[in-house]
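Have a look at the structure below before the remarks.
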Amino acid sequence: MYRQRKASATGYLFTLSALSRIEDKSDLVKNEIERTKESLASLEEEACELLGRELNTRLFSQTAARFSKVIQKIQVLQKNLATVCALMREIIEGIDEDDLDNSVIYEAKAVLRRLDDMVATTQNFVLWDEHPESVFWLSAKRLPPSMAKNLASHSDANPMYYEFNETPLDIAPLMNRGVFEPMKSIVCTSATISINRNFDFWKKRVGINFVEKERVKSGEFESPFPYKENMFLAVPSDIPFPDNENFQDCIEDSIIRMINAAGGKTLVLFTAYDSLRHACDTARTALRSSGITVLKQGDDDRFRLLSQFKDDTASCLFATDSFWEGVDVPGPSLSLVIIVKMPFGVPSDPVFAARSEEISKRGGFPFMELSVPQAVIKFRQGFGRLIRRGDDRGAVVVLDRRIIEKSYGRMFMSSVPETEVLYRPLTEILSRIKENCG
């Protein structure tokens, strides 16, 4: 709304005040904005205290007592935000119609809409127990590297920021009311929405099950890419299961050997950042003299990291979460994708936990109804990073024997394009990687 530079202040606030017929309220707004900043800083401190070493925590009946001080701070922030919004609207309403086409008014109204959303979210957090249809949680996020560098000179600066999140427990009714009911025809397409060759999980999740069956048509179209000829899917038969105490050491050694065999050109996908960080540190030490560049998610922003990975064909990228999807690296820069573990949801994830509880309440089986379908979709997304055009070649290696040896593993295998599957000792897989990827 305004910017203070030494003794002068400029911004929307003063332009609007000059246009408005009412008494000048710019000082009132400035004072209230300062109070809002103070209450926001106080809320951040309380959020930091609440989370401690945790990265997120859910607000529900079992944690309500822990959230009591945070809720009090949210109430103060809500009051400050509402006051700022009310004052700004009063100023805008005092502007003559002839001046309403001023671009500053449109921009100020856009800011007000965002502030209104914040007021609504704070209100919902305060009255969380009146919204059983929503999941509320607090999360800590690390600042982007470029912003964190600016804080390096401040010894007491916190490299984290805090998000107060609200999300629907079930989006199906919302999607049905907002999309499928009012519209005559909708086309939904994706490469990864089918599971085990059907769309049942996705249709139930997004609300298509509410739609009359005769309105719904579905079909699966084969990929034009030559998966059978250009790639293979491998699972080392001699690697321990993920719950084995030696699993981390084993995957670190296996990853290094596979990266060497491929000469870099490797994307390593993790499900946990701690495992990623430790494996990446080990790889950097082992590959220091190999000429292979080791990149890690979080060391730079996403765009620059991917650009460096694409430009350096003797590099490997250790990543998690968002890099399972939306990463497009066609050509010689990527010939090996390593999936460290089957990407099951983390039980401590607030939304996953709330939805699992809801399934259990109605007598369902959360593992097969939620965990497995979500993991299959994410697995398909990770698998799809390799072949991005018709002449791409390489391998996907899964360091998790459950995909072969557990009954639910068939859902994963039958959900990806048909290709050669190797379930062999690691040494045999390394030989194939050298032939196909090196």
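Chains: A, B, ... in order of the structure tokens. Residues: from 1 per chain. Ligands: from 1, in order shown.
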
Item to check | Non-local contacts of segment 238-245 of chain A (8 Å; only C-alpha atoms; under 5 positions in same chain excluded) as number ranges by chain | outcome: A: 250-251, 341, 399-402, 424-426

Which residues, written as a compact mmCIF listing (two decimals) with N, CA, C and O atoms, in the first residue's frame, have at least one atom at most 10 Å from Gly219 of chain A, with only C-alpha atoms counted and residues fewer than 4 positions away on the same chain left out?
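Result file part.txt:
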```txt
# COMPACT_ATOMS: atom_id res chain seq x y z
N THR A 189 -7.73 -34.47 -19.24
CA THR A 189 -6.66 -35.31 -19.80
C THR A 189 -5.42 -35.24 -18.92
O THR A 189 -5.11 -34.21 -18.34
N SER A 194 -4.77 -42.62 -14.54
CA SER A 194 -5.30 -43.98 -14.43
C SER A 194 -4.41 -44.82 -13.52
O SER A 194 -3.20 -44.59 -13.41
N ARG A 197 -4.90 -49.41 -15.09
CA ARG A 197 -5.68 -49.31 -16.33
C ARG A 197 -7.12 -48.86 -16.12
O ARG A 197 -7.99 -49.10 -16.98
N ASN A 198 -7.46 -48.26 -14.99
CA ASN A 198 -8.81 -47.70 -14.82
C ASN A 198 -8.74 -46.34 -14.12
O ASN A 198 -7.71 -45.98 -13.54
N PHE A 199 -9.84 -45.60 -14.15
CA PHE A 199 -9.88 -44.23 -13.62
C PHE A 199 -10.70 -44.12 -12.33
O PHE A 199 -11.07 -43.02 -11.93
```

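Listed by chain and then by rising number, the residues of segment 55-161 of chain A that DSSP assigns to strand (DSSP E) from the backbone are Asn56, Thr57, Arg58, Leu59, Ser134, Val135, Phe136, Trp137, Leu138, Ser139, Ala140, Lys141, Arg142, Met160 and Tyr161 of chain A.
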
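Of the residues under consideration (A:Lys109, A:Arg177, A:Arg393, A:Lys73), A:Arg393 shows the shortest atom-to-atom contact distance to Lys265 of chain A when counting only C-alpha atoms.
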
Checklist entry - Which residues come within 12 Å of Thr121 of chain A, counting only C-alpha atoms, excluding same-chain residues fewer than 5 positions away, as number ranges by chain? => result A: 74-75, 77-78, 81-82, 114-116, 126-128, 131, 134-137, 163-167

Checklist entry - Which neighbours of segment 97-100 of chain A fall inside 12 Å, counting only C-alpha atoms, when residues of the same chain fewer than 6 positions from it are skipped, and could you give them as a PyMOL selection string? => result chain A and resi 15-16+18-21+106-109

Please dump the current selection as an mmCIF file, in the first residue's frame; keep N, CA and C atoms.
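Wrote selection-v2.cif, looks like this:
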```cif
data_model
loop_
_atom_site.group_PDB
_atom_site.id
_atom_site.type_symbol
_atom_site.label_atom_id
_atom_site.label_comp_id
_atom_site.auth_asym_id
_atom_site.auth_seq_id
_atom_site.Cartn_x
_atom_site.Cartn_y
_atom_site.Cartn_z
ATOM 1 N N THR A 15 -2.092 8.107 -3.158
ATOM 2 C CA THR A 15 -2.819 8.452 -4.380
ATOM 3 C C THR A 15 -4.324 8.348 -4.150
ATOM 4 N N LEU A 16 -4.751 7.279 -3.497
ATOM 5 C CA LEU A 16 -6.174 7.076 -3.212
ATOM 6 C C LEU A 16 -6.700 8.169 -2.277
ATOM 7 N N ALA A 18 -5.612 11.168 -1.963
ATOM 8 C CA ALA A 18 -5.703 12.442 -2.693
ATOM 9 C C ALA A 18 -6.951 12.496 -3.563
ATOM 10 N N LEU A 19 -7.376 11.323 -4.090
ATOM 11 C CA LEU A 19 -8.566 11.273 -4.944
ATOM 12 C C LEU A 19 -9.860 11.269 -4.142
ATOM 13 N N SER A 20 -9.802 10.804 -2.901
ATOM 14 C CA SER A 20 -11.014 10.623 -2.091
ATOM 15 C C SER A 20 -11.515 11.941 -1.511
ATOM 16 N N ARG A 21 -12.865 12.058 -1.410
ATOM 17 C CA ARG A 21 -13.473 13.264 -0.852
ATOM 18 C C ARG A 21 -13.478 13.267 0.675
ATOM 19 N N TYR A 106 -7.755 -0.032 -9.417
ATOM 20 C CA TYR A 106 -7.823 -1.454 -9.760
ATOM 21 C C TYR A 106 -6.744 -2.238 -9.008
ATOM 22 N N GLU A 107 -5.554 -1.691 -8.964
ATOM 23 C CA GLU A 107 -4.447 -2.378 -8.292
ATOM 24 C C GLU A 107 -4.691 -2.452 -6.787
ATOM 25 N N ALA A 108 -5.215 -1.376 -6.208
ATOM 26 C CA ALA A 108 -5.507 -1.374 -4.781
ATOM 27 C C ALA A 108 -6.600 -2.384 -4.441
ATOM 28 N N LYS A 109 -7.613 -2.484 -5.318
ATOM 29 C CA LYS A 109 -8.684 -3.459 -5.087
ATOM 30 C C LYS A 109 -8.158 -4.890 -5.169
#
```

Item to check | DSSP-assigned alpha helix (DSSP H) among segment 309-356 of chain A, expressed as JSON, numbers by chain | outcome: {"A": [309, 310, 311, 350, 351, 352, 353, 354, 355, 356]}

Go ahead and write the selection's residues with all heavy atoms as an mmCIF file, in the first residue's frame.
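Result file is again35.cif:
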```
data_model
loop_
_atom_site.group_PDB
_atom_site.id
_atom_site.type_symbol
_atom_site.label_atom_id
_atom_site.label_comp_id
_atom_site.auth_asym_id
_atom_site.auth_seq_id
_atom_site.Cartn_x
_atom_site.Cartn_y
_atom_site.Cartn_z
ATOM 1 N N PHE A 309 21.540 -28.750 -14.951
ATOM 2 C CA PHE A 309 21.459 -30.194 -15.194
ATOM 3 C C PHE A 309 21.336 -30.480 -16.691
ATOM 4 O O PHE A 309 21.977 -31.404 -17.218
ATOM 5 C CB PHE A 309 20.263 -30.766 -14.426
ATOM 6 C CG PHE A 309 20.083 -32.252 -14.572
ATOM 7 C CD1 PHE A 309 21.118 -33.128 -14.291
ATOM 8 C CD2 PHE A 309 18.876 -32.779 -14.998
ATOM 9 C CE1 PHE A 309 20.965 -34.496 -14.414
ATOM 10 C CE2 PHE A 309 18.695 -34.145 -15.127
ATOM 11 C CZ PHE A 309 19.741 -35.010 -14.838
ATOM 12 N N LYS A 310 20.544 -29.694 -17.393
ATOM 13 C CA LYS A 310 20.374 -29.885 -18.837
ATOM 14 C C LYS A 310 21.652 -29.571 -19.603
ATOM 15 O O LYS A 310 22.011 -30.262 -20.558
ATOM 16 C CB LYS A 310 19.231 -29.001 -19.350
ATOM 17 C CG LYS A 310 17.848 -29.414 -18.897
ATOM 18 C CD LYS A 310 16.806 -28.408 -19.369
ATOM 19 C CE LYS A 310 15.426 -28.758 -18.865
ATOM 20 N NZ LYS A 310 14.393 -27.764 -19.269
ATOM 21 N N ASP A 311 22.340 -28.520 -19.181
ATOM 22 C CA ASP A 311 23.523 -28.064 -19.926
ATOM 23 C C ASP A 311 24.741 -28.952 -19.689
ATOM 24 O O ASP A 311 25.608 -29.064 -20.569
ATOM 25 C CB ASP A 311 23.871 -26.621 -19.531
ATOM 26 C CG ASP A 311 22.803 -25.620 -19.962
ATOM 27 O OD1 ASP A 311 22.007 -25.965 -20.856
ATOM 28 O OD2 ASP A 311 22.755 -24.516 -19.387
ATOM 29 N N PRO A 350 -0.294 -33.693 7.310
ATOM 30 C CA PRO A 350 -1.598 -33.354 7.886
ATOM 31 C C PRO A 350 -2.799 -33.741 7.021
ATOM 32 O O PRO A 350 -3.778 -34.288 7.536
ATOM 33 C CB PRO A 350 -1.514 -31.832 8.064
ATOM 34 C CG PRO A 350 -0.059 -31.542 8.177
ATOM 35 C CD PRO A 350 0.605 -32.515 7.274
ATOM 36 N N VAL A 351 -2.724 -33.463 5.723
ATOM 37 C CA VAL A 351 -3.861 -33.769 4.853
ATOM 38 C C VAL A 351 -4.005 -35.278 4.682
ATOM 39 O O VAL A 351 -5.114 -35.821 4.753
ATOM 40 C CB VAL A 351 -3.696 -33.075 3.483
ATOM 41 C CG1 VAL A 351 -4.871 -33.412 2.564
ATOM 42 C CG2 VAL A 351 -3.589 -31.565 3.666
ATOM 43 N N PHE A 352 -2.898 -35.958 4.482
ATOM 44 C CA PHE A 352 -2.919 -37.416 4.342
ATOM 45 C C PHE A 352 -3.486 -38.062 5.604
ATOM 46 O O PHE A 352 -4.326 -38.971 5.529
ATOM 47 C CB PHE A 352 -1.502 -37.926 4.068
ATOM 48 C CG PHE A 352 -1.412 -39.416 3.902
ATOM 49 C CD1 PHE A 352 -1.696 -40.010 2.678
ATOM 50 C CD2 PHE A 352 -1.047 -40.226 4.962
ATOM 51 C CE1 PHE A 352 -1.620 -41.382 2.526
ATOM 52 C CE2 PHE A 352 -0.971 -41.602 4.820
ATOM 53 C CZ PHE A 352 -1.251 -42.180 3.597
ATOM 54 N N ALA A 353 -3.040 -37.595 6.777
ATOM 55 C CA ALA A 353 -3.518 -38.149 8.049
ATOM 56 C C ALA A 353 -5.018 -37.932 8.226
ATOM 57 O O ALA A 353 -5.748 -38.840 8.627
ATOM 58 C CB ALA A 353 -2.752 -37.527 9.216
ATOM 59 N N ALA A 354 -5.495 -36.722 7.909
ATOM 60 C CA ALA A 354 -6.924 -36.413 8.064
ATOM 61 C C ALA A 354 -7.777 -37.264 7.129
ATOM 62 O O ALA A 354 -8.828 -37.777 7.522
ATOM 63 C CB ALA A 354 -7.157 -34.929 7.805
ATOM 64 N N ARG A 355 -7.326 -37.425 5.884
ATOM 65 C CA ARG A 355 -8.097 -38.223 4.930
ATOM 66 C C ARG A 355 -8.061 -39.709 5.288
ATOM 67 O O ARG A 355 -9.060 -40.418 5.098
ATOM 68 C CB ARG A 355 -7.576 -37.976 3.513
ATOM 69 C CG ARG A 355 -7.931 -36.586 3.013
ATOM 70 C CD ARG A 355 -7.331 -36.240 1.669
ATOM 71 N NE ARG A 355 -7.785 -34.913 1.239
ATOM 72 C CZ ARG A 355 -7.249 -34.211 0.258
ATOM 73 N NH1 ARG A 355 -6.223 -34.719 -0.433
ATOM 74 N NH2 ARG A 355 -7.724 -33.023 -0.059
ATOM 75 N N SER A 356 -6.939 -40.176 5.818
ATOM 76 C CA SER A 356 -6.855 -41.571 6.276
ATOM 77 C C SER A 356 -7.821 -41.819 7.423
ATOM 78 O O SER A 356 -8.506 -42.849 7.467
ATOM 79 C CB SER A 356 -5.421 -41.899 6.721
ATOM 80 O OG SER A 356 -4.527 -41.839 5.633
#
```

Checklist entry - Smallest atom-to-atom distance to Thr266 of chain A: which of A:Asp253, A:Pro173, A:Ile433, A:Tyr227, using only C-alpha atoms? => result A:Ile433

Just want the 12 Å neighbourhood of Phe225 of chain A, counted on only C-alpha atoms, with same-chain residues fewer than 6 positions away dropped. Output as a PDB file with N, CA and C atoms, in the first residue's frame.
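out-v1.pdb was written with the following content:
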```
ATOM      1  N   MET A 231      13.997 -48.385 -23.526  1.00  0.00           N
ATOM      2  CA  MET A 231      14.310 -48.332 -22.098  1.00  0.00           C
ATOM      3  C   MET A 231      14.027 -49.678 -21.424  1.00  0.00           C
ATOM      4  N   GLY A 384       7.840 -41.204 -15.641  1.00  0.00           N
ATOM      5  CA  GLY A 384       7.687 -40.426 -16.858  1.00  0.00           C
ATOM      6  C   GLY A 384       8.745 -39.375 -17.095  1.00  0.00           C
ATOM      7  N   LEU A 386      11.817 -39.942 -17.664  1.00  0.00           N
ATOM      8  CA  LEU A 386      12.886 -40.450 -18.529  1.00  0.00           C
ATOM      9  C   LEU A 386      12.624 -40.201 -20.017  1.00  0.00           C
ATOM     10  N   ILE A 387      11.531 -40.732 -20.525  1.00  0.00           N
ATOM     11  CA  ILE A 387      11.254 -40.657 -21.957  1.00  0.00           C
ATOM     12  C   ILE A 387      10.377 -39.437 -22.230  1.00  0.00           C
ATOM     13  N   ARG A 388      10.989 -38.389 -22.809  1.00  0.00           N
ATOM     14  CA  ARG A 388      10.261 -37.150 -23.087  1.00  0.00           C
ATOM     15  C   ARG A 388      10.069 -36.914 -24.583  1.00  0.00           C
ATOM     16  N   ARG A 389      10.761 -37.728 -25.416  1.00  0.00           N
ATOM     17  CA  ARG A 389      10.558 -37.654 -26.864  1.00  0.00           C
ATOM     18  C   ARG A 389      10.927 -39.007 -27.470  1.00  0.00           C
ATOM     19  N   GLY A 390      10.613 -39.201 -28.722  1.00  0.00           N
ATOM     20  CA  GLY A 390      10.728 -40.522 -29.343  1.00  0.00           C
ATOM     21  C   GLY A 390      12.106 -41.123 -29.376  1.00  0.00           C
ATOM     22  N   ASP A 391      13.172 -40.297 -29.385  1.00  0.00           N
ATOM     23  CA  ASP A 391      14.519 -40.856 -29.479  1.00  0.00           C
ATOM     24  C   ASP A 391      15.248 -40.908 -28.137  1.00  0.00           C
ATOM     25  N   ASP A 392      14.562 -40.607 -27.043  1.00  0.00           N
ATOM     26  CA  ASP A 392      15.182 -40.742 -25.720  1.00  0.00           C
ATOM     27  C   ASP A 392      15.396 -42.210 -25.381  1.00  0.00           C
ATOM     28  N   ARG A 393      16.502 -42.485 -24.680  1.00  0.00           N
ATOM     29  CA  ARG A 393      16.830 -43.858 -24.304  1.00  0.00           C
ATOM     30  C   ARG A 393      17.309 -43.874 -22.856  1.00  0.00           C
ATOM     31  N   PRO A 417       3.908 -47.833 -18.715  1.00  0.00           N
ATOM     32  CA  PRO A 417       3.964 -48.441 -20.048  1.00  0.00           C
ATOM     33  C   PRO A 417       4.734 -49.767 -20.039  1.00  0.00           C
ATOM     34  N   GLU A 418       4.300 -50.674 -20.892  1.00  0.00           N
ATOM     35  CA  GLU A 418       4.923 -51.996 -20.955  1.00  0.00           C
ATOM     36  C   GLU A 418       6.344 -51.864 -21.495  1.00  0.00           C
ATOM     37  N   THR A 419       7.285 -52.447 -20.769  1.00  0.00           N
ATOM     38  CA  THR A 419       8.684 -52.412 -21.180  1.00  0.00           C
ATOM     39  C   THR A 419       9.416 -53.599 -20.569  1.00  0.00           C
TER      40      THR A 419
END
```

Item to check | Option closest in space to Glu93 of chain A, from A:Thr36, A:Ser17, A:Ser307, A:Gln72 [counting only C-alpha atoms] | outcome: A:Ser17

Checklist entry - At what distance in Å, to one decimal, does atom CA of Pro366 of chain A lie from atom CA of Phe67 of chain A? => result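 One can read the atom CA of Phe67 of chain A to atom CA of Pro366 of chain A distance as 27.2 Å.
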
Please list as an mmCIF file with N, CA, C and O atoms, in the first residue's frame every residue within 9 Å of Thr271 of chain A, counting only C-alpha atoms and excluding residues in the same chain fewer than 5 positions away.
```cif
data_model
loop_
_atom_site.group_PDB
_atom_site.id
_atom_site.type_symbol
_atom_site.label_atom_id
_atom_site.label_comp_id
_atom_site.auth_asym_id
_atom_site.auth_seq_id
_atom_site.Cartn_x
_atom_site.Cartn_y
_atom_site.Cartn_z
ATOM 1 N N LEU A 276 17.827 -37.911 1.159
ATOM 2 C CA LEU A 276 18.435 -37.235 0.008
ATOM 3 C C LEU A 276 19.732 -36.535 0.411
ATOM 4 O O LEU A 276 20.769 -36.685 -0.245
ATOM 5 N N ALA A 319 16.936 -35.126 -6.004
ATOM 6 C CA ALA A 319 15.738 -34.305 -5.810
ATOM 7 C C ALA A 319 14.639 -35.085 -5.102
ATOM 8 O O ALA A 319 14.697 -36.313 -4.965
ATOM 9 N N THR A 320 13.647 -34.344 -4.673
ATOM 10 C CA THR A 320 12.501 -34.946 -4.000
ATOM 11 C C THR A 320 11.249 -34.150 -4.312
ATOM 12 O O THR A 320 11.302 -33.110 -4.979
ATOM 13 N N ASP A 321 10.119 -34.646 -3.884
ATOM 14 C CA ASP A 321 8.832 -33.957 -3.922
ATOM 15 C C ASP A 321 8.500 -33.391 -5.299
ATOM 16 O O ASP A 321 8.144 -34.134 -6.196
ATOM 17 N N ILE A 339 14.617 -44.293 -8.723
ATOM 18 C CA ILE A 339 13.557 -44.070 -7.732
ATOM 19 C C ILE A 339 13.955 -44.838 -6.484
ATOM 20 O O ILE A 339 13.990 -46.069 -6.487
ATOM 21 N N VAL A 340 14.282 -44.111 -5.427
ATOM 22 C CA VAL A 340 14.864 -44.738 -4.239
ATOM 23 C C VAL A 340 13.848 -45.587 -3.487
ATOM 24 O O VAL A 340 14.132 -46.712 -3.091
ATOM 25 N N LYS A 341 12.658 -45.055 -3.291
ATOM 26 C CA LYS A 341 11.608 -45.799 -2.590
ATOM 27 C C LYS A 341 10.265 -45.562 -3.267
ATOM 28 O O LYS A 341 10.053 -44.528 -3.893
ATOM 29 N N MET A 342 9.362 -46.508 -3.107
ATOM 30 C CA MET A 342 7.999 -46.306 -3.606
ATOM 31 C C MET A 342 7.404 -45.110 -2.857
ATOM 32 O O MET A 342 7.500 -45.033 -1.628
ATOM 33 N N PRO A 343 6.817 -44.161 -3.579
ATOM 34 C CA PRO A 343 6.461 -42.866 -2.983
ATOM 35 C C PRO A 343 5.146 -42.855 -2.198
ATOM 36 O O PRO A 343 4.201 -42.150 -2.553
ATOM 37 N N PHE A 344 5.116 -43.613 -1.119
ATOM 38 C CA PHE A 344 3.937 -43.605 -0.255
ATOM 39 C C PHE A 344 3.869 -42.293 0.524
ATOM 40 O O PHE A 344 4.898 -41.708 0.880
ATOM 41 N N GLY A 345 2.642 -41.840 0.793
ATOM 42 C CA GLY A 345 2.452 -40.635 1.579
ATOM 43 C C GLY A 345 3.018 -40.788 2.981
ATOM 44 O O GLY A 345 3.036 -41.884 3.552
ATOM 45 N N VAL A 346 3.513 -39.687 3.525
ATOM 46 C CA VAL A 346 4.084 -39.693 4.878
ATOM 47 C C VAL A 346 2.933 -39.656 5.877
ATOM 48 O O VAL A 346 2.074 -38.759 5.816
#
```

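The space separating atom CA of Leu40 of chain A from atom CA of Asp300 of chain A comes to 27.9 Å.
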
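Taking atom CA of Pro373 of chain A as the reference point, atom CA of Glu181 of chain A is found at 25.9 Å.
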